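Dumped target.cif below, it's mmCIF, C-alpha atoms:
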```
data_data
loop_
_atom_site.group_PDB
_atom_site.id
_atom_site.type_symbol
_atom_site.label_atom_id
_atom_site.label_comp_id
_atom_site.auth_asym_id
_atom_site.auth_seq_id
_atom_site.Cartn_x
_atom_site.Cartn_y
_atom_site.Cartn_z
ATOM 1 C CA MET A 938 -27.648 65.058 30.754
ATOM 2 C CA GLU A 939 -27.767 68.129 32.979
ATOM 3 C CA THR A 940 -25.698 70.065 30.450
ATOM 4 C CA ILE A 941 -28.025 69.123 27.604
ATOM 5 C CA ASN A 942 -31.076 70.199 29.579
ATOM 6 C CA ARG A 943 -29.347 73.453 30.581
ATOM 7 C CA TRP A 944 -28.842 74.199 26.868
ATOM 8 C CA ARG A 945 -32.477 73.336 26.180
ATOM 9 C CA GLY A 946 -33.549 75.660 28.987
ATOM 10 C CA GLN A 947 -31.492 78.489 27.484
ATOM 11 C CA LEU A 948 -33.558 77.989 24.315
ATOM 12 C CA GLY A 949 -36.827 78.071 26.271
ATOM 13 C CA LEU A 950 -37.401 74.318 25.855
ATOM 14 C CA GLU A 951 -38.519 71.759 28.417
ATOM 15 C CA PRO A 952 -35.965 69.292 29.795
ATOM 16 C CA LEU A 953 -35.765 65.750 28.438
ATOM 17 C CA SER A 954 -35.440 62.595 30.495
ATOM 18 C CA LYS A 955 -32.243 60.550 30.344
ATOM 19 C CA SER A 956 -34.048 57.886 28.308
ATOM 20 C CA GLU A 957 -35.374 60.487 25.834
ATOM 21 C CA ILE A 958 -31.877 61.884 25.317
ATOM 22 C CA GLU A 959 -30.306 58.434 24.933
ATOM 23 C CA ALA A 960 -33.028 57.387 22.459
ATOM 24 C CA GLY A 961 -32.230 60.363 20.236
ATOM 25 C CA PRO A 962 -29.927 60.399 17.232
ATOM 26 C CA SER A 963 -26.271 59.466 17.600
ATOM 27 C CA THR A 964 -23.117 59.253 15.520
ATOM 28 C CA GLN A 965 -19.854 57.338 15.623
ATOM 29 C CA VAL A 966 -17.158 59.549 17.119
ATOM 30 C CA LEU A 967 -13.799 58.753 18.684
ATOM 31 C CA ASP A 968 -14.120 55.100 19.735
ATOM 32 C CA GLY A 969 -17.777 55.211 20.660
ATOM 33 C CA LYS A 970 -21.184 56.733 20.236
ATOM 34 C CA GLY A 971 -21.786 60.454 20.431
ATOM 35 C CA LEU A 972 -25.257 61.746 21.227
ATOM 36 C CA LEU A 973 -26.499 64.365 18.776
ATOM 37 C CA ILE A 974 -28.501 67.250 20.155
ATOM 38 C CA GLU A 975 -30.401 69.577 17.839
ATOM 39 C CA ALA A 976 -32.704 72.213 19.298
ATOM 40 C CA PHE A 977 -34.209 75.542 18.269
ATOM 41 C CA GLY A 978 -35.854 78.379 20.153
ATOM 42 C CA ASP A 979 -35.271 81.853 21.549
ATOM 43 C CA LEU A 980 -31.858 81.791 23.244
ATOM 44 C CA THR A 981 -31.353 83.649 26.505
ATOM 45 C CA ASP A 982 -27.620 84.237 26.934
ATOM 46 C CA LEU A 983 -25.738 84.512 30.226
ATOM 47 C CA GLY A 984 -26.274 88.279 30.230
ATOM 48 C CA GLY A 985 -30.041 87.838 30.005
ATOM 49 C CA ASN A 986 -30.230 89.007 26.388
ATOM 50 C CA VAL A 987 -32.753 87.167 24.209
ATOM 51 C CA HIS A 988 -31.777 86.117 20.686
ATOM 52 C CA GLU A 989 -34.830 85.102 18.673
ATOM 53 C CA ASP A 990 -34.931 81.955 16.543
ATOM 54 C CA TYR A 991 -31.567 80.491 17.497
ATOM 55 C CA GLY A 992 -30.353 76.947 17.117
ATOM 56 C CA LEU A 993 -28.007 74.512 18.780
ATOM 57 C CA LEU A 994 -26.271 71.540 17.227
ATOM 58 C CA SER A 995 -24.089 69.510 19.558
ATOM 59 C CA MET A 996 -22.411 66.147 19.993
ATOM 60 C CA VAL A 997 -21.786 64.819 23.490
ATOM 61 C CA CYS A 998 -19.612 61.766 24.125
ATOM 62 C CA VAL A 999 -18.015 60.255 27.221
ATOM 63 C CA GLN A 1000 -14.875 58.267 26.486
ATOM 64 C CA ASP A 1001 -12.625 56.716 29.111
ATOM 65 C CA GLY A 1002 -14.178 58.979 31.744
ATOM 66 C CA THR A 1003 -13.606 62.159 29.718
ATOM 67 C CA LEU A 1004 -16.484 64.294 28.440
ATOM 68 C CA PHE A 1005 -16.151 65.521 24.850
ATOM 69 C CA ILE A 1006 -18.477 68.220 23.517
ATOM 70 C CA VAL A 1007 -18.594 69.752 20.047
ATOM 71 C CA ARG A 1008 -21.178 72.510 19.914
ATOM 72 C CA MET A 1009 -22.437 75.098 17.468
ATOM 73 C CA THR A 1010 -24.904 77.810 18.466
ATOM 74 C CA GLY A 1011 -26.214 80.649 16.341
ATOM 75 C CA PRO A 1012 -29.145 81.939 14.330
ATOM 76 C CA ARG A 1013 -31.319 79.015 13.177
ATOM 77 C CA GLU A 1014 -30.674 79.642 9.495
ATOM 78 C CA GLN A 1015 -26.888 79.578 9.948
ATOM 79 C CA VAL A 1016 -26.925 76.492 12.176
ATOM 80 C CA GLN A 1017 -29.091 74.635 9.669
ATOM 81 C CA SER A 1018 -26.952 75.703 6.701
ATOM 82 C CA GLU A 1019 -23.762 74.485 8.444
ATOM 83 C CA ARG A 1020 -25.206 71.148 9.618
ATOM 84 C CA ASP A 1021 -23.506 69.111 6.862
ATOM 85 C CA HIS A 1022 -20.125 70.693 7.690
ATOM 86 C CA PHE A 1023 -20.682 69.979 11.387
ATOM 87 C CA MET A 1024 -21.445 66.326 10.653
ATOM 88 C CA ALA A 1025 -18.398 66.062 8.375
ATOM 89 C CA PHE A 1026 -16.231 67.445 11.174
ATOM 90 C CA LEU A 1027 -17.616 64.828 13.566
ATOM 91 C CA GLY A 1028 -16.842 62.169 10.961
ATOM 92 C CA SER A 1029 -13.261 63.394 10.770
ATOM 93 C CA ILE A 1030 -12.914 62.949 14.537
ATOM 94 C CA ALA A 1031 -14.081 59.337 14.227
ATOM 95 C CA GLU A 1032 -11.638 58.693 11.376
ATOM 96 C CA SER A 1033 -8.627 60.301 13.048
ATOM 97 C CA SER A 1034 -9.210 58.450 16.310
ATOM 98 C CA THR A 1035 -8.786 55.090 14.581
ATOM 99 C CA ALA A 1036 -5.590 56.020 12.713
#
```

Write out the structure in this file as structure tokens.
Amino acid sequence: METINRWRGQLGLEPLSKSEIEAGPSTQVLDGKGLLIEAFGDLTDLGGNVHEDYGLLSMVCVQDGTLFIVRMTGPREQVQSERDHFMAFLGSIAESSTA
């Protein structure tokens, strides 16, 4: 949850509570549920540079004590236009984990 709120902070957004994050959207990935995180704002990178109107799309899943993260960050328009591909990729992880 700390990682998710760190990402939100980088976008200038307020942190969410654990219950708010867990109540958000999810998807089947690997052998369990992956939390989907989608957020937009002005991204401040590690160098302090501000990138206006950026977006984040991420899946976070803990499986057998291992944290898995798939993340895409970029200009809002590009993140939104690649959302379907991102979701298809997550679906392929779920399918390959059961084979």

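Separating CA of Gly1002 in chain A from CA of Arg945 in chain A is a distance of 23.9 Å.
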
Please write as a PyMOL selection string the full residue list that the PyMOL selection byres ((chain A and resi 960-963) around 12) yields on this file. chain A and resi 953-959+964-966+969-976+994-998+1024+1027-1028

Care to translate the PyMOL selection byres ((chain A and resi 952) around 9) into actual residues of this file, as number ranges by chain? A: 939, 941-943, 945-946, 950-951, 953-954

Could you save the residues just selected, with C-alpha atoms, as a PDB file, in the frame of the given file?
```
ATOM      1  CA  GLU A 939     -27.767  68.129  32.979  1.00  0.00           C
ATOM      2  CA  ILE A 941     -28.025  69.123  27.604  1.00  0.00           C
ATOM      3  CA  ASN A 942     -31.076  70.199  29.579  1.00  0.00           C
ATOM      4  CA  ARG A 943     -29.347  73.453  30.581  1.00  0.00           C
ATOM      5  CA  ARG A 945     -32.477  73.336  26.180  1.00  0.00           C
ATOM      6  CA  GLY A 946     -33.549  75.660  28.987  1.00  0.00           C
ATOM      7  CA  LEU A 950     -37.401  74.318  25.855  1.00  0.00           C
ATOM      8  CA  GLU A 951     -38.519  71.759  28.417  1.00  0.00           C
ATOM      9  CA  LEU A 953     -35.765  65.750  28.438  1.00  0.00           C
ATOM     10  CA  SER A 954     -35.440  62.595  30.495  1.00  0.00           C
TER      11      SER A 954
END
```

Which residues, named as in the file, does the PyMOL selection byres ((chain A and resi 1017) around 12) pick out? Answer as a VMD selection string. chain A and resid 975 to 977 990 to 994 1009 to 1016 1018 to 1024

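CA of Phe1005 in chain A lies 25.4 Å from CA of Asp979 in chain A.
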
Gap from CA of Leu983 in chain A to CA of Ile1006 in chain A - Å, one decimal: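 Spanning CA of Leu983 in chain A to CA of Ile1006 in chain A is a straight-line distance of 19.1 Å.
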
Using all atoms listed in the file, which of A:Val999, A:Leu948, A:Leu1004, A:Leu967 sits nearest Leu980 in chain A?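 Ranked by minimum distance to Leu980 in chain A, first place goes to A:Leu948.
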
Give me the box for range 990-1004 of chain A as AutoDock Vina command-line options, namely the centre and edge lengths in Å to one decimal of a box along x, y and z that holds every listed atom plus 5 Å on each side.
```
--center_x -23.8 --center_y 69.3 --center_z 24.1 --size_x 32.3 --size_y 35.2 --size_z 25.2
```

Would you please work out which residue, of A:Gln947, A:Ala1025, A:Ile1030, A:Met938, is nearest to Gly984 in chain A when using only C-alpha atoms? A:Gln947
